[in-house]
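Undergrad: Below is run31.cif; it holds mmCIF, C-alpha atoms.
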```cif
data_start
#
loop_
_atom_site.group_PDB
_atom_site.id
_atom_site.type_symbol
_atom_site.label_atom_id
_atom_site.label_comp_id
_atom_site.auth_asym_id
_atom_site.auth_seq_id
_atom_site.Cartn_x
_atom_site.Cartn_y
_atom_site.Cartn_z
ATOM 1 C CA MET A 21 58.409 88.113 85.732
ATOM 2 C CA HIS A 22 55.712 87.579 88.281
ATOM 3 C CA LEU A 23 55.024 89.448 91.460
ATOM 4 C CA ASN A 24 55.305 87.505 94.719
ATOM 5 C CA SER A 25 52.674 88.476 97.268
ATOM 6 C CA ALA A 26 53.670 89.308 100.831
ATOM 7 C CA VAL A 27 51.770 86.236 102.037
ATOM 8 C CA ASP A 28 53.622 84.039 99.517
ATOM 9 C CA ILE A 29 56.985 85.419 100.656
ATOM 10 C CA VAL A 30 56.117 84.805 104.331
ATOM 11 C CA ASP A 31 54.880 81.275 103.564
ATOM 12 C CA ARG A 32 57.981 80.359 101.577
ATOM 13 C CA ALA A 33 60.318 81.758 104.244
ATOM 14 C CA ASN A 34 58.518 79.872 107.013
ATOM 15 C CA LYS A 35 58.520 76.644 104.983
ATOM 16 C CA ILE A 36 62.302 76.881 104.560
ATOM 17 C CA VAL A 37 62.869 77.552 108.268
ATOM 18 C CA ARG A 38 60.749 74.507 109.156
ATOM 19 C CA LYS A 39 62.504 72.319 106.554
ATOM 20 C CA VAL A 40 66.049 73.344 107.535
ATOM 21 C CA GLY A 41 65.327 73.719 111.257
ATOM 22 C CA SER A 42 67.381 76.903 111.398
ATOM 23 C CA ARG A 43 67.369 80.590 110.539
ATOM 24 C CA GLU A 44 71.138 80.610 109.954
ATOM 25 C CA PRO A 45 71.820 81.583 106.337
ATOM 26 C CA ALA A 46 74.845 79.288 105.869
ATOM 27 C CA LYS A 47 72.776 76.259 106.950
ATOM 28 C CA ILE A 48 69.884 77.310 104.720
ATOM 29 C CA ALA A 49 72.190 77.812 101.735
ATOM 30 C CA GLU A 50 73.803 74.420 102.301
ATOM 31 C CA GLN A 51 70.417 72.667 102.538
ATOM 32 C CA LEU A 52 69.244 74.416 99.359
ATOM 33 C CA GLY A 53 72.433 73.526 97.496
ATOM 34 C CA ILE A 54 73.704 77.081 97.129
ATOM 35 C CA ILE A 55 77.466 77.591 97.137
ATOM 36 C CA ILE A 56 78.725 80.646 99.072
ATOM 37 C CA ILE A 57 81.919 82.241 97.758
ATOM 38 C CA PRO A 58 83.621 85.151 99.579
ATOM 39 C CA VAL A 59 84.841 87.850 97.162
ATOM 40 C CA ALA A 60 86.928 90.998 97.630
ATOM 41 C CA PHE A 61 84.201 93.329 96.349
ATOM 42 C CA SER A 62 85.055 96.982 96.829
ATOM 43 C CA LYS A 63 81.487 98.342 97.092
ATOM 44 C CA GLN A 64 78.991 95.624 96.342
ATOM 45 C CA LYS A 65 77.880 93.409 99.217
ATOM 46 C CA GLY A 66 76.581 90.369 97.367
ATOM 47 C CA VAL A 67 75.370 88.777 94.152
ATOM 48 C CA TYR A 68 73.278 85.715 93.413
ATOM 49 C CA LYS A 69 73.999 83.914 90.129
ATOM 50 C CA VAL A 70 73.034 80.671 88.457
ATOM 51 C CA ILE A 71 75.904 79.392 86.313
ATOM 52 C CA GLU A 72 75.332 76.202 84.336
ATOM 53 C CA ARG A 73 72.573 75.134 86.754
ATOM 54 C CA ASN A 74 74.834 75.671 89.773
ATOM 55 C CA ARG A 75 73.632 78.277 92.265
ATOM 56 C CA PHE A 76 76.095 80.688 93.825
ATOM 57 C CA ILE A 77 76.119 83.556 96.278
ATOM 58 C CA PHE A 78 79.170 85.773 95.929
ATOM 59 C CA ILE A 79 79.498 87.798 99.135
ATOM 60 C CA LYS A 80 81.845 90.591 100.182
ATOM 61 C CA GLU A 81 84.445 88.889 102.344
ATOM 62 C CA ASP A 82 84.843 91.595 105.008
ATOM 63 C CA LEU A 83 81.246 92.240 106.068
ATOM 64 C CA CYS A 84 80.449 92.387 109.776
ATOM 65 C CA PRO A 85 78.529 89.299 110.977
ATOM 66 C CA GLU A 86 75.160 91.115 111.138
ATOM 67 C CA MET A 87 75.420 92.492 107.595
ATOM 68 C CA ARG A 88 76.751 89.166 106.280
ATOM 69 C CA LYS A 89 73.632 87.450 107.657
ATOM 70 C CA ILE A 90 71.294 89.994 106.059
ATOM 71 C CA VAL A 91 73.057 89.895 102.687
ATOM 72 C CA LEU A 92 73.114 86.094 102.614
ATOM 73 C CA LEU A 93 69.399 85.937 103.439
ATOM 74 C CA HIS A 94 68.695 88.561 100.767
ATOM 75 C CA GLU A 95 70.571 86.507 98.171
ATOM 76 C CA ILE A 96 68.872 83.289 99.316
ATOM 77 C CA GLY A 97 65.623 85.198 98.768
ATOM 78 C CA HIS A 98 66.624 85.640 95.138
ATOM 79 C CA ASP A 99 67.213 81.893 94.880
ATOM 80 C CA VAL A 100 63.836 81.041 96.370
ATOM 81 C CA LEU A 101 61.792 83.772 94.676
ATOM 82 C CA HIS A 102 63.631 84.622 91.447
ATOM 83 C CA ARG A 103 65.843 81.700 90.415
ATOM 84 C CA GLY A 104 64.455 81.664 86.882
ATOM 85 C CA GLU A 105 65.240 85.342 86.490
ATOM 86 C CA ALA A 106 68.770 85.182 87.958
ATOM 87 C CA LYS A 107 70.498 85.512 84.612
ATOM 88 C CA VAL A 108 69.097 89.015 84.114
ATOM 89 C CA PHE A 109 70.301 90.514 87.419
ATOM 90 C CA GLN A 110 72.464 93.573 87.088
ATOM 91 C CA GLU A 111 75.219 93.598 89.664
ATOM 92 C CA PHE A 112 75.257 97.314 90.368
ATOM 93 C CA ASN A 113 71.520 97.598 91.017
ATOM 94 C CA ILE A 114 71.355 94.572 93.286
ATOM 95 C CA PHE A 115 70.031 96.415 96.373
ATOM 96 C CA ASP A 116 68.016 99.256 94.807
ATOM 97 C CA MET A 117 64.437 98.653 95.940
ATOM 98 C CA LYS A 118 62.959 101.837 94.494
ATOM 99 C CA ASN A 119 62.563 100.515 90.964
ATOM 100 C CA ASP A 120 63.162 96.812 91.323
ATOM 101 C CA ARG A 121 60.493 94.576 92.785
ATOM 102 C CA MET A 122 62.926 91.631 92.976
ATOM 103 C CA GLU A 123 65.161 93.569 95.365
ATOM 104 C CA TYR A 124 62.182 94.566 97.500
ATOM 105 C CA GLU A 125 60.922 90.973 97.597
ATOM 106 C CA ALA A 126 64.384 89.603 98.480
ATOM 107 C CA ASN A 127 64.625 92.133 101.328
ATOM 108 C CA CYS A 128 61.160 91.099 102.593
ATOM 109 C CA PHE A 129 62.247 87.455 102.456
ATOM 110 C CA ALA A 130 65.400 88.288 104.449
ATOM 111 C CA ALA A 131 63.273 90.098 107.051
ATOM 112 C CA GLU A 132 60.992 87.082 107.427
ATOM 113 C CA ILE A 133 63.854 84.653 107.993
ATOM 114 C CA ALA A 134 66.000 86.940 110.174
ATOM 115 C CA LEU A 135 63.226 88.264 112.414
ATOM 116 C CA PRO A 136 60.926 85.593 113.896
ATOM 117 C CA ASP A 137 57.317 86.749 114.294
ATOM 118 C CA ASN A 138 57.078 85.833 117.980
ATOM 119 C CA GLU A 139 60.194 87.807 118.923
ATOM 120 C CA VAL A 140 59.182 90.925 117.010
ATOM 121 C CA LEU A 141 55.632 90.770 118.421
ATOM 122 C CA GLU A 142 57.024 90.389 121.944
ATOM 123 C CA TYR A 143 59.104 93.558 121.535
ATOM 124 C CA VAL A 144 56.078 95.375 120.121
ATOM 125 C CA GLU A 145 54.052 94.310 123.181
ATOM 126 C CA TYR A 146 56.781 95.818 125.383
ATOM 127 C CA GLY A 147 56.270 99.094 123.528
ATOM 128 C CA TYR A 148 59.584 99.086 121.664
ATOM 129 C CA ASP A 149 59.826 101.099 118.462
ATOM 130 C CA ILE A 150 61.467 99.865 115.264
ATOM 131 C CA GLU A 151 64.860 101.280 116.188
ATOM 132 C CA MET A 152 64.836 99.565 119.585
ATOM 133 C CA ILE A 153 63.687 96.269 118.067
ATOM 134 C CA ALA A 154 66.536 96.420 115.546
ATOM 135 C CA LYS A 155 69.028 97.083 118.336
ATOM 136 C CA TYR A 156 67.826 94.232 120.555
ATOM 137 C CA MET A 157 67.564 91.790 117.639
ATOM 138 C CA ASN A 158 71.001 92.811 116.338
ATOM 139 C CA SER A 159 69.526 93.712 112.967
ATOM 140 C CA ASP A 160 69.054 96.679 110.671
ATOM 141 C CA ILE A 161 66.273 99.188 111.294
ATOM 142 C CA ASN A 162 65.224 98.992 107.636
ATOM 143 C CA LEU A 163 64.811 95.218 107.820
ATOM 144 C CA VAL A 164 62.615 95.627 110.895
ATOM 145 C CA ALA A 165 60.557 98.279 109.068
ATOM 146 C CA LEU A 166 59.982 95.802 106.229
ATOM 147 C CA LYS A 167 58.955 93.136 108.742
ATOM 148 C CA VAL A 168 56.415 95.487 110.338
ATOM 149 C CA ALA A 169 55.041 96.382 106.896
ATOM 150 C CA ASN A 170 54.661 92.648 106.201
ATOM 151 C CA PHE A 171 52.783 92.257 109.495
ATOM 152 C CA ASN A 172 50.373 94.974 108.366
ATOM 153 C CA ARG A 173 49.826 93.208 105.033
ATOM 154 C CA ARG A 174 48.888 90.147 107.080
ATOM 155 C CA GLY A 175 46.206 92.005 109.035
ATOM 156 C CA TYR A 176 48.053 93.761 111.859
ATOM 157 C CA ASN A 177 47.742 97.504 112.298
ATOM 158 C CA PHE A 178 51.149 98.747 113.431
ATOM 159 C CA HIS A 179 52.450 102.262 112.900
ATOM 160 C CA LEU A 180 54.737 102.144 109.879
ATOM 161 C CA GLN A 181 58.141 103.747 109.833
ATOM 162 C CA ASN A 182 59.698 104.560 106.497
ATOM 163 C CA SER A 183 62.685 102.479 105.519
ATOM 164 C CA ARG A 184 65.538 103.511 103.287
ATOM 165 C CA SER A 185 65.399 101.671 100.013
ATOM 166 C CA ASP A 186 69.170 101.589 99.664
ATOM 167 C CA PHE A 187 70.107 100.214 103.088
ATOM 168 C CA LEU A 188 72.133 97.342 101.639
ATOM 169 C CA LYS A 189 74.256 99.518 99.385
#
```
Would you mind giving the structure from this file in structure tokens?
TA:
Amino acid sequence: MHLNSAVDIVDRANKIVRKVGSREPAKIAEQLGIIIIPVAFSKQKGVYKVIERNRFIFIKEDLCPEMRKIVLLHEIGHDVLHRGEAKVFQEFNIFDMKNDRMEYEANCFAAEIALPDNEVLEYVEYGYDIEMIAKYMNSDINLVALKVANFNRRGYNFHLQNSRSDFLK
């Protein structure tokens, strides 16, 4: 296992957006050759698996559109950042960031794709806090907090707000 730097995650996310020409997870998955399969999970929101060299995202079939987008981007993050390690994922720890760097990295990747820099920076210039940015961007406050933390790793100096590590559970 290797650690992906914040800059590497941002670069890879931006490269995919440029290549695909979209931030929509279904379009990105299609372009990357990932098959999306809705599943009647009771608790779990999503899983990324490589089965005989075929890449799959299994996603809870009844998620609201906003959560579906976040979960798909998170799972695409696993494909982009952790494909070689996909066979060791444990389904029930899939969104626990506290002790799993792959989950944290996949969440950072999702934040980079879902939340364009220029839009977030515009809201910051207007004086919006993380909660307001999440509301106006139709996203999750924890994803926005990760995005702001990534900005700081890239040289910005924004006030950080703690995010919950289990927001996708």
Undergrad: Excluding segment 66-83 of chain A and residues on its chain fewer than 3 positions from it, collect all residues at most 6 Å away from it, counting all atoms listed in the file, and give them as a list in words.
TA: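 Listed by chain and then number, they are Ile54, Ile55, Ile56, Ile57, Pro58, Val59, Ala60, Phe61, Arg88, Glu95 and Ala106 of chain A.
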Undergrad: Go ahead and compute the interatomic distance for atom CA of Leu93 of chain A and atom CA of Ala130 of chain A, in Å to one decimal.
TA: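 Taking atom CA of Leu93 of chain A as the start and atom CA of Ala130 of chain A as the end point, the length is 4.7 Å.
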Undergrad: Using all atoms listed in the file, which residue out of A:Ile29, A:Val40, A:Ile153, A:Ala46 lies closest to Gly97 of chain A?
TA: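 Result for the nearest residue to Gly97 of chain A: A:Ile29.
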Undergrad: Let me know the residues the PyMOL selection byres ((chain A and resi 168-172) around 12) catches in the file above, as a ChimeraX atom specification.
TA: /A:25-31,124-125,127-132,135-138,140-141,143-144,149-151,153-154,161-167,173-183
Undergrad: Between atom CA of Glu123 of chain A and atom CA of His94 of chain A, what is the spacing in Å?
TA: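 That distance, rounded to one decimal, is 8.2 Å.
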Undergrad: Could you extract segment 75-88 of chain A of the given structure into a file holding all heavy atoms, as a short mmCIF file (atom, residue, chain, number, x, y, z; two decimals), in the first residue's frame?
TA:
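Final file, result.cif:
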```
data_model
loop_
_atom_site.label_atom_id
_atom_site.label_comp_id
_atom_site.auth_asym_id
_atom_site.auth_seq_id
_atom_site.Cartn_x
_atom_site.Cartn_y
_atom_site.Cartn_z
N ARG A 75 -14.33 -4.23 -13.40
CA ARG A 75 -14.47 -3.30 -12.28
C ARG A 75 -15.94 -2.96 -12.08
O ARG A 75 -16.64 -2.62 -13.03
CB ARG A 75 -13.64 -2.06 -12.57
CG ARG A 75 -12.17 -2.44 -12.59
CD ARG A 75 -11.28 -1.66 -13.51
NE ARG A 75 -11.48 -0.25 -13.59
CZ ARG A 75 -11.34 0.42 -14.75
NH1 ARG A 75 -11.04 -0.19 -15.86
NH2 ARG A 75 -11.49 1.72 -14.77
N PHE A 76 -16.37 -3.07 -10.82
CA PHE A 76 -17.77 -2.87 -10.47
C PHE A 76 -17.91 -1.91 -9.30
O PHE A 76 -17.10 -1.92 -8.37
CB PHE A 76 -18.42 -4.20 -10.03
CG PHE A 76 -18.47 -5.24 -11.09
CD1 PHE A 76 -17.44 -6.17 -11.21
CD2 PHE A 76 -19.55 -5.31 -11.96
CE1 PHE A 76 -17.49 -7.15 -12.19
CE2 PHE A 76 -19.60 -6.29 -12.94
CZ PHE A 76 -18.57 -7.21 -13.06
N ILE A 77 -18.98 -1.14 -9.34
CA ILE A 77 -19.46 -0.41 -8.17
C ILE A 77 -20.85 -0.95 -7.88
O ILE A 77 -21.74 -0.90 -8.73
CB ILE A 77 -19.53 1.11 -8.40
CG1 ILE A 77 -18.13 1.70 -8.60
CG2 ILE A 77 -20.25 1.80 -7.22
CD1 ILE A 77 -18.13 3.16 -8.99
N PHE A 78 -21.01 -1.49 -6.69
CA PHE A 78 -22.32 -1.94 -6.21
C PHE A 78 -22.82 -0.81 -5.31
O PHE A 78 -22.16 -0.44 -4.34
CB PHE A 78 -22.20 -3.25 -5.44
CG PHE A 78 -21.64 -4.37 -6.27
CD1 PHE A 78 -20.29 -4.66 -6.27
CD2 PHE A 78 -22.48 -5.12 -7.09
CE1 PHE A 78 -19.76 -5.68 -7.04
CE2 PHE A 78 -21.97 -6.15 -7.87
CZ PHE A 78 -20.61 -6.43 -7.85
N ILE A 79 -23.99 -0.26 -5.64
CA ILE A 79 -24.48 0.91 -4.91
C ILE A 79 -25.91 0.66 -4.42
O ILE A 79 -26.72 0.05 -5.11
CB ILE A 79 -24.42 2.19 -5.78
CG1 ILE A 79 -24.79 3.43 -4.97
CG2 ILE A 79 -25.26 2.05 -7.04
CD1 ILE A 79 -24.28 4.72 -5.55
N LYS A 80 -26.17 1.14 -3.21
CA LYS A 80 -27.50 1.01 -2.61
C LYS A 80 -28.52 1.66 -3.55
O LYS A 80 -28.36 2.81 -3.94
CB LYS A 80 -27.52 1.67 -1.24
CG LYS A 80 -28.75 1.39 -0.41
CD LYS A 80 -28.55 1.95 1.00
CE LYS A 80 -29.51 1.39 1.99
NZ LYS A 80 -30.81 1.92 2.02
N GLU A 81 -29.55 0.91 -3.89
CA GLU A 81 -30.47 1.34 -4.94
C GLU A 81 -31.39 2.50 -4.56
O GLU A 81 -31.90 3.19 -5.44
CB GLU A 81 -31.30 0.15 -5.43
CG GLU A 81 -32.19 -0.44 -4.36
CD GLU A 81 -32.84 -1.76 -4.81
OE1 GLU A 81 -32.57 -2.21 -5.93
OE2 GLU A 81 -33.63 -2.29 -4.01
N ASP A 82 -31.58 2.76 -3.27
CA ASP A 82 -32.56 3.78 -2.88
C ASP A 82 -31.92 5.02 -2.25
O ASP A 82 -32.55 5.70 -1.45
CB ASP A 82 -33.60 3.18 -1.93
CG ASP A 82 -32.99 2.61 -0.66
OD1 ASP A 82 -31.75 2.52 -0.56
OD2 ASP A 82 -33.77 2.23 0.24
N LEU A 83 -30.71 5.34 -2.65
CA LEU A 83 -30.07 6.56 -2.14
C LEU A 83 -30.69 7.79 -2.80
O LEU A 83 -31.09 7.74 -3.97
CB LEU A 83 -28.58 6.54 -2.45
CG LEU A 83 -27.73 5.49 -1.74
CD1 LEU A 83 -26.30 5.53 -2.26
CD2 LEU A 83 -27.76 5.69 -0.24
N CYS A 84 -30.74 8.90 -2.07
CA CYS A 84 -31.17 10.16 -2.67
C CYS A 84 -30.11 10.56 -3.71
O CYS A 84 -28.97 10.12 -3.64
CB CYS A 84 -31.36 11.23 -1.62
SG CYS A 84 -29.82 11.81 -0.87
N PRO A 85 -30.48 11.38 -4.69
CA PRO A 85 -29.54 11.74 -5.76
C PRO A 85 -28.21 12.33 -5.26
O PRO A 85 -27.15 12.01 -5.80
CB PRO A 85 -30.31 12.77 -6.59
CG PRO A 85 -31.74 12.45 -6.34
CD PRO A 85 -31.81 11.96 -4.92
N GLU A 86 -28.26 13.17 -4.23
CA GLU A 86 -27.04 13.80 -3.72
C GLU A 86 -26.10 12.74 -3.12
O GLU A 86 -24.90 12.75 -3.38
CB GLU A 86 -27.36 14.86 -2.67
CG GLU A 86 -28.14 16.04 -3.21
CD GLU A 86 -29.64 15.77 -3.36
OE1 GLU A 86 -30.17 14.81 -2.76
OE2 GLU A 86 -30.27 16.53 -4.12
N MET A 87 -26.65 11.84 -2.30
CA MET A 87 -25.82 10.81 -1.68
C MET A 87 -25.33 9.81 -2.73
O MET A 87 -24.20 9.35 -2.66
CB MET A 87 -26.57 10.10 -0.55
CG MET A 87 -25.72 9.10 0.21
SD MET A 87 -24.18 9.77 0.92
CE MET A 87 -24.80 10.86 2.18
N ARG A 88 -26.17 9.50 -3.69
CA ARG A 88 -25.75 8.58 -4.78
C ARG A 88 -24.52 9.14 -5.48
O ARG A 88 -23.57 8.43 -5.76
CB ARG A 88 -26.90 8.38 -5.76
CG ARG A 88 -26.54 7.48 -6.94
CD ARG A 88 -27.72 7.31 -7.90
NE ARG A 88 -27.33 6.69 -9.13
CZ ARG A 88 -27.17 5.39 -9.32
NH1 ARG A 88 -27.40 4.56 -8.31
NH2 ARG A 88 -26.79 4.91 -10.48
#
```
